[in-house]
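Asker: The structure that follows is given in the form of structure tokens.
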Amino acid sequence: MAVLLLRLSGPMQSWGDSSRFVRRTTRTEPTKSGVVGMLASALGRSREDALDDLAQLEFGVRADQPGSLMVDFQTERPAEGRGKPMPLSYRYYLADAKFLVALAGPHDQLEAIDHALRNPRWPLYLGRRSCPPDVAPSMGVTDRYRDVREALAAEPWIASKKFRQTHRGLAELEVSCDAREGDPAESQTDHPVSFSGAGRTYASRGVYRFRVPLTQLSGEGAVGTASGEKRESTLPHNPMGFF
């Protein structure tokens with residue numbers, strides 16, 4: 001068992017799990033379906049390809065810089081004045097947020113995903129196509145941790161210097177992860193079953209939440225890759241993608 005660490009950082013992120021029609025909301029942290037979609041995009045999978053191997057990875061996320069909620073009002077009008085304009089829609093985003101995501105699974109599988117994220121087949125998005133990351137997401141694969149929870153309870157804080165300065169009283173970071181048997185858990189409908197164009201399908205998963213004291217994070221204040229080395233990444237320009 002190994003752990004792949006991801007830094008999800010960008011001007012805007014949006015992670016919906018129940019949005020419909022004119023109101024498109026976002027959760028306060030990345031969804032499992034959104035992250036799996038990003039992995040599938042990096043690997044070059046189509047919407048009709050199977051997701052079982054990616055969805056079965058143990059998933060967890062730590063809110064290192066929660067960001068602020070913003071709403072965008074959008075409307076659509078037909079070309080050349082034909083037809084009726086679409087109704088005003090409300091789209092919600094997290095502005096200036098940073099999250100640390102951990103995925104646990106077989107070492108070989110995570111190495112392949114790490115390589116794909118550094119050399120993605122399709123562009124990567126933080127929930128929606130209008131939300132590209134501002135840094136390459138992958139921080140590398142490590143064998144230092146037994147599981148997702150141990151990694152998220154120890155990895156250095158990745159918040160920006162400005163956020164740290166304006167939140168000096170912050171003492172804990174919230175972690176949400178796949179629940180295990182016996183955990184007190186809440187249900188969340190973001191376990192991806194299919195991204196098919198005929199209709200996306202999601203299942204419920206149990207989510208367990210806990211808090212991590214900033215004082216226990218290893219090397220608090222440092223930012224680097226999981227393996228301790230720097231590797232270049234490429235982010236191609238392509239109109240395809242998962243969101």
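Note on naming: chains are A, B, ... as they come in the structure tokens, residues start from 1 per chain, ligands start from 1 in the order shown.
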For the structure I just gave you, how does DSSP split stretch 56-239 of chain A - specifically, which residues are strand (DSSP E or B)? Reply as a PyMOL selection string.

Answerer: chain A and resi 58-65+68-74+89-105+138-142+172-178+186-194+201-213

Asker: Using atom CA of A:Thr189 and atom CA of A:Arg24 as the two end points, give the distance in Å to one decimal.

Answerer: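 Between atom CA of A:Thr189 and atom CA of A:Arg24 the gap is 15.5 Å.
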
Asker: Can you tell me, as a PyMOL selection string, what residues are no more than 10 Å from A:Arg200 when counting only C-alpha atoms, ignoring any on the same chain fewer than 6 positions away?

Answerer: chain A and resi 47-48+192-194

Asker: Next, the residues of the selection above should be written as a short mmCIF file (atom, residue, chain, number, x, y, z; two decimals), in the first residue's frame with all heavy atoms.

Answerer:
```cif
data_model
loop_
_atom_site.label_atom_id
_atom_site.label_comp_id
_atom_site.auth_asym_id
_atom_site.auth_seq_id
_atom_site.Cartn_x
_atom_site.Cartn_y
_atom_site.Cartn_z
N ARG A 47 -15.36 9.03 -21.48
CA ARG A 47 -16.46 9.00 -20.52
C ARG A 47 -17.11 7.62 -20.42
O ARG A 47 -17.82 7.34 -19.46
CB ARG A 47 -17.51 10.05 -20.90
CG ARG A 47 -17.02 11.49 -20.71
CD ARG A 47 -18.17 12.47 -20.91
NE ARG A 47 -17.73 13.86 -20.74
CZ ARG A 47 -17.63 14.47 -19.56
NH1 ARG A 47 -17.92 13.80 -18.46
NH2 ARG A 47 -17.23 15.73 -19.49
N GLU A 48 -16.89 6.79 -21.41
CA GLU A 48 -17.50 5.45 -21.41
C GLU A 48 -16.60 4.40 -20.76
O GLU A 48 -17.03 3.26 -20.56
CB GLU A 48 -17.83 5.02 -22.84
CG GLU A 48 -18.65 6.04 -23.63
CD GLU A 48 -19.94 6.43 -22.94
OE1 GLU A 48 -20.59 5.54 -22.33
OE2 GLU A 48 -20.31 7.63 -22.98
N PRO A 192 -18.16 7.81 -7.77
CA PRO A 192 -18.47 7.71 -9.19
C PRO A 192 -18.65 6.26 -9.65
O PRO A 192 -17.84 5.40 -9.36
CB PRO A 192 -17.26 8.36 -9.86
CG PRO A 192 -16.13 8.09 -8.91
CD PRO A 192 -16.75 8.18 -7.54
N VAL A 193 -19.72 6.03 -10.41
CA VAL A 193 -19.97 4.73 -11.02
C VAL A 193 -19.72 4.81 -12.52
O VAL A 193 -19.12 3.93 -13.12
CB VAL A 193 -21.42 4.27 -10.73
CG1 VAL A 193 -21.70 2.95 -11.44
CG2 VAL A 193 -21.65 4.15 -9.23
N SER A 194 -20.17 5.91 -13.14
CA SER A 194 -19.98 6.09 -14.58
C SER A 194 -20.07 7.57 -14.93
O SER A 194 -20.90 8.30 -14.37
CB SER A 194 -21.04 5.31 -15.36
OG SER A 194 -20.98 5.63 -16.74
#
```

Asker: Please provide the set of residues having any atom within 12 Å of stretch 104-108 of chain A, restricted to only C-alpha atoms, with same-chain residues fewer than 3 positions apart removed, written as a ChimeraX atom specification.

Answerer: /A:1-6,53-61,101,111-115,140-152,177-178

Asker: Taking only C-alpha atoms into account, which of A:Phe73, A:Phe163, A:Tyr125, A:Trp157 comes nearest A:Asp96?

Answerer: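 Selected residue with least distance to A:Asp96: A:Phe163.
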
Asker: Based on the backbone DSSP call, show me all residues of stretch 145-215 of chain A assigned alpha helix (DSSP H), as a list in words.

Answerer: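 Here are the alpha helix (DSSP H) residues of stretch 145-215 of chain A: Val148, Arg149, Glu150, Ala151, Leu152, Lys161, Lys162, Phe163, Arg164, Gln165 and Thr166 of chain A.
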
Asker: With distances taken over only C-alpha atoms, which of A:Glu155, A:His191, A:Leu103, A:Lys98 is nearest to A:Leu126?

Answerer: A:Lys98

Asker: If you count only C-alpha atoms, which residues fall within 12 Å of A:Ser9, apart from same-chain ones fewer than 6 positions away, as a CSV table (one decimal) with N, CA, C and O atoms, in the first residue's frame?

Answerer:
```csv
chain,number,residue,atom,x,y,z
A,29,GLU,N,-15.3,21.2,0.1
A,29,GLU,CA,-14.0,20.4,-0.1
A,29,GLU,C,-14.2,19.6,-1.4
A,29,GLU,O,-15.3,19.3,-1.8
A,30,PRO,N,-13.1,19.2,-2.0
A,30,PRO,CA,-13.2,18.4,-3.2
A,30,PRO,C,-14.0,17.1,-3.0
A,30,PRO,O,-13.9,16.4,-2.0
A,63,ALA,N,-8.5,20.3,4.4
A,63,ALA,CA,-8.8,21.7,4.0
A,63,ALA,C,-7.7,22.6,4.5
A,63,ALA,O,-7.8,23.2,5.6
A,64,ASP,N,-6.6,22.8,3.8
A,64,ASP,CA,-5.5,23.6,4.3
A,64,ASP,C,-5.7,25.1,4.2
A,64,ASP,O,-5.2,25.9,5.0
A,65,GLN,N,-6.5,25.5,3.2
A,65,GLN,CA,-6.9,26.9,3.0
A,65,GLN,C,-8.3,26.9,2.4
A,65,GLN,O,-8.5,26.8,1.2
A,66,PRO,N,-9.4,26.9,3.2
A,66,PRO,CA,-10.7,26.7,2.8
A,66,PRO,C,-11.2,27.6,1.7
A,66,PRO,O,-12.1,27.2,0.9
A,67,GLY,N,-10.6,28.8,1.5
A,67,GLY,CA,-11.1,29.7,0.5
A,67,GLY,C,-12.4,30.4,0.9
A,67,GLY,O,-12.9,30.2,2.0
A,94,LEU,N,-15.4,28.2,-4.9
A,94,LEU,CA,-14.5,28.5,-3.8
A,94,LEU,C,-13.3,29.2,-4.4
A,94,LEU,O,-12.7,28.8,-5.3
A,95,ALA,N,-13.1,30.4,-3.9
A,95,ALA,CA,-12.1,31.3,-4.4
A,95,ALA,C,-10.8,31.2,-3.5
A,95,ALA,O,-10.9,31.2,-2.3
A,96,ASP,N,-9.6,31.1,-4.1
A,96,ASP,CA,-8.4,31.1,-3.4
A,96,ASP,C,-8.3,30.0,-2.4
A,96,ASP,O,-7.9,30.2,-1.2
A,97,ALA,N,-8.7,28.8,-2.7
A,97,ALA,CA,-8.6,27.6,-1.8
A,97,ALA,C,-7.5,26.7,-2.2
A,97,ALA,O,-7.0,26.6,-3.3
A,98,LYS,N,-7.0,26.0,-1.1
A,98,LYS,CA,-6.0,25.0,-1.3
A,98,LYS,C,-6.3,23.7,-0.5
A,98,LYS,O,-6.6,23.8,0.7
A,99,PHE,N,-6.3,22.6,-1.1
A,99,PHE,CA,-6.6,21.3,-0.5
A,99,PHE,C,-5.5,20.3,-0.7
A,99,PHE,O,-4.9,20.3,-1.7
A,100,LEU,N,-5.2,19.5,0.4
A,100,LEU,CA,-4.3,18.4,0.3
A,100,LEU,C,-5.1,17.1,0.2
A,100,LEU,O,-5.9,16.8,1.1
A,101,VAL,N,-5.0,16.4,-0.9
A,101,VAL,CA,-5.7,15.1,-1.2
A,101,VAL,C,-4.8,14.0,-1.1
A,101,VAL,O,-3.6,14.0,-1.5
A,124,LEU,N,-6.5,19.3,-17.0
A,124,LEU,CA,-7.0,19.0,-15.6
A,124,LEU,C,-7.8,20.2,-15.1
A,124,LEU,O,-7.5,21.4,-15.3
A,125,TYR,N,-8.9,19.9,-14.3
A,125,TYR,CA,-9.8,20.9,-13.8
A,125,TYR,C,-10.1,20.6,-12.4
A,125,TYR,O,-10.2,19.5,-11.9
A,126,LEU,N,-10.4,21.7,-11.6
A,126,LEU,CA,-10.8,21.6,-10.2
A,126,LEU,C,-12.3,21.7,-10.1
A,126,LEU,O,-12.9,22.6,-9.6
A,127,GLY,N,-12.9,20.6,-10.6
A,127,GLY,CA,-14.4,20.5,-10.5
A,127,GLY,C,-15.1,20.9,-11.7
A,127,GLY,O,-16.0,20.2,-12.2
A,131,CYS,N,-12.2,26.1,-14.1
A,131,CYS,CA,-11.4,26.1,-12.9
A,131,CYS,C,-10.1,25.3,-13.1
A,131,CYS,O,-9.9,24.2,-12.5
A,132,PRO,N,-9.1,25.8,-13.8
A,132,PRO,CA,-7.8,25.1,-14.0
A,132,PRO,C,-7.0,25.2,-12.7
A,132,PRO,O,-7.1,26.2,-12.0
A,133,PRO,N,-6.1,24.3,-12.4
A,133,PRO,CA,-5.2,24.4,-11.3
A,133,PRO,C,-4.1,25.4,-11.6
A,133,PRO,O,-3.8,25.6,-12.7
A,134,ASP,N,-3.6,26.1,-10.5
A,134,ASP,CA,-2.5,27.0,-10.8
A,134,ASP,C,-1.1,26.4,-10.6
A,134,ASP,O,-0.1,27.0,-10.9
A,135,VAL,N,-1.1,25.2,-10.1
A,135,VAL,CA,0.2,24.4,-10.1
A,135,VAL,C,-0.2,23.0,-10.5
A,135,VAL,O,-1.3,22.5,-10.3
A,136,ALA,N,0.8,22.2,-11.0
A,136,ALA,CA,0.6,20.8,-11.3
A,136,ALA,C,0.2,20.1,-10.0
A,136,ALA,O,0.8,20.2,-9.0
A,137,PRO,N,-0.9,19.3,-10.0
A,137,PRO,CA,-1.5,18.7,-8.8
A,137,PRO,C,-0.6,17.7,-8.0
A,137,PRO,O,-0.6,17.7,-6.8
A,138,SER,N,0.1,16.8,-8.8
A,138,SER,CA,0.7,15.7,-8.1
A,138,SER,C,2.0,16.1,-7.3
A,138,SER,O,2.9,16.8,-7.8
A,158,ILE,N,0.0,23.3,3.5
A,158,ILE,CA,0.3,23.9,2.2
A,158,ILE,C,-0.3,25.3,2.0
A,158,ILE,O,-0.4,25.8,0.9
A,159,ALA,N,-0.9,25.9,3.0
A,159,ALA,CA,-1.5,27.2,2.9
A,159,ALA,C,-0.5,28.2,2.4
A,159,ALA,O,0.7,28.1,2.7
A,160,SER,N,-1.0,29.3,1.8
A,160,SER,CA,-0.1,30.4,1.3
A,160,SER,C,0.4,31.2,2.5
A,160,SER,O,-0.2,31.2,3.6
```

Asker: Could you name the residues that touch A:Thr26 at 12 Å or less, counting only C-alpha atoms, but leaving out those on the same chain fewer than 4 positions away, as a VMD selection string?

Answerer: chain A and resid 12 to 20 30 to 31 34 68 to 71 90 to 95 126 to 128

Asker: Only N, CA and C atoms, please: the residues just picked out, written as a compact mmCIF listing (two decimals), in the first residue's frame.

Answerer:
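And here's part.txt as it stands now:
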```txt
# COMPACT_ATOMS: atom_id res chain seq x y z
N MET A 12 -10.08 29.50 -8.62
CA MET A 12 -11.45 29.07 -8.35
C MET A 12 -11.54 27.55 -8.42
N GLN A 13 -12.39 26.98 -7.56
CA GLN A 13 -12.69 25.56 -7.59
C GLN A 13 -14.19 25.42 -7.39
N SER A 14 -14.77 24.33 -7.88
CA SER A 14 -16.19 24.09 -7.66
C SER A 14 -16.44 22.59 -7.66
N TRP A 15 -16.96 22.08 -6.54
CA TRP A 15 -17.11 20.64 -6.36
C TRP A 15 -18.56 20.30 -6.01
N GLY A 16 -19.40 20.27 -7.01
CA GLY A 16 -20.81 19.97 -6.79
C GLY A 16 -21.07 18.47 -6.67
N ASP A 17 -22.09 18.11 -5.90
CA ASP A 17 -22.48 16.70 -5.81
C ASP A 17 -23.99 16.51 -5.92
N SER A 18 -24.74 17.61 -5.99
CA SER A 18 -26.19 17.46 -6.11
C SER A 18 -26.81 18.62 -6.88
N SER A 19 -26.01 19.36 -7.63
CA SER A 19 -26.50 20.54 -8.34
C SER A 19 -27.36 20.15 -9.54
N ARG A 20 -28.44 20.90 -9.73
CA ARG A 20 -29.32 20.67 -10.86
C ARG A 20 -29.86 22.00 -11.36
N PRO A 30 -13.11 19.18 -2.03
CA PRO A 30 -13.21 18.36 -3.25
C PRO A 30 -14.00 17.08 -3.02
N THR A 31 -14.80 16.70 -4.01
CA THR A 31 -15.56 15.46 -3.96
C THR A 31 -14.72 14.31 -4.52
N GLY A 34 -15.21 14.21 -8.31
CA GLY A 34 -14.46 15.23 -9.02
C GLY A 34 -12.99 14.88 -9.16
N SER A 68 -12.91 31.23 0.04
CA SER A 68 -14.16 31.95 0.31
C SER A 68 -15.18 31.64 -0.77
N LEU A 69 -16.45 31.59 -0.38
CA LEU A 69 -17.52 31.25 -1.30
C LEU A 69 -17.88 32.46 -2.16
N MET A 70 -17.99 32.25 -3.46
CA MET A 70 -18.42 33.30 -4.37
C MET A 70 -19.46 32.75 -5.32
N VAL A 71 -20.32 33.63 -5.84
CA VAL A 71 -21.37 33.20 -6.76
C VAL A 71 -21.28 34.03 -8.03
N TYR A 90 -27.22 30.38 -11.24
CA TYR A 90 -26.36 30.74 -10.11
C TYR A 90 -25.30 29.65 -9.98
N ARG A 91 -24.05 30.03 -10.14
CA ARG A 91 -22.95 29.07 -10.06
C ARG A 91 -22.00 29.47 -8.94
N TYR A 92 -21.78 28.54 -8.02
CA TYR A 92 -21.00 28.81 -6.82
C TYR A 92 -19.58 28.25 -6.95
N TYR A 93 -18.62 28.99 -6.39
CA TYR A 93 -17.21 28.61 -6.46
C TYR A 93 -16.53 28.85 -5.11
N LEU A 94 -15.40 28.17 -4.91
CA LEU A 94 -14.51 28.46 -3.80
C LEU A 94 -13.34 29.25 -4.38
N ALA A 95 -13.12 30.45 -3.89
CA ALA A 95 -12.06 31.30 -4.38
C ALA A 95 -10.82 31.19 -3.50
N LEU A 126 -10.39 21.71 -11.63
CA LEU A 126 -10.76 21.60 -10.23
C LEU A 126 -12.28 21.66 -10.10
N GLY A 127 -12.92 20.62 -10.59
CA GLY A 127 -14.37 20.49 -10.50
C GLY A 127 -15.11 20.91 -11.75
N ARG A 128 -14.76 22.06 -12.35
CA ARG A 128 -15.40 22.54 -13.57
C ARG A 128 -14.35 22.97 -14.57
```

Asker: Which neighbours of A:Asp183 fall inside 10 Å, counting only C-alpha atoms, when residues of the same chain fewer than 6 positions from it are skipped, and could you give them as a list in words?

Answerer: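 Counting only C-alpha atoms, the residues come to Gly206, Val207, Tyr208 and Arg209 of chain A.
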
Asker: Take the residues from that selection and write them out as a PDB file, in the first residue's frame, keeping N, CA and C atoms.

Answerer:
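File written: again.pdb
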```pdb
ATOM      1  N   GLY A 206     -19.776   6.517   2.706  1.00  0.00           N
ATOM      2  CA  GLY A 206     -19.685   7.062   4.046  1.00  0.00           C
ATOM      3  C   GLY A 206     -18.475   7.967   4.165  1.00  0.00           C
ATOM      4  N   VAL A 207     -18.653   9.121   4.799  1.00  0.00           N
ATOM      5  CA  VAL A 207     -17.573  10.081   4.980  1.00  0.00           C
ATOM      6  C   VAL A 207     -17.327  10.294   6.470  1.00  0.00           C
ATOM      7  N   TYR A 208     -16.072  10.098   6.870  1.00  0.00           N
ATOM      8  CA  TYR A 208     -15.659  10.282   8.263  1.00  0.00           C
ATOM      9  C   TYR A 208     -14.836  11.564   8.368  1.00  0.00           C
ATOM     10  N   ARG A 209     -15.138  12.403   9.345  1.00  0.00           N
ATOM     11  CA  ARG A 209     -14.441  13.676   9.515  1.00  0.00           C
ATOM     12  C   ARG A 209     -13.711  13.736  10.846  1.00  0.00           C
TER      13      ARG A 209
END
```
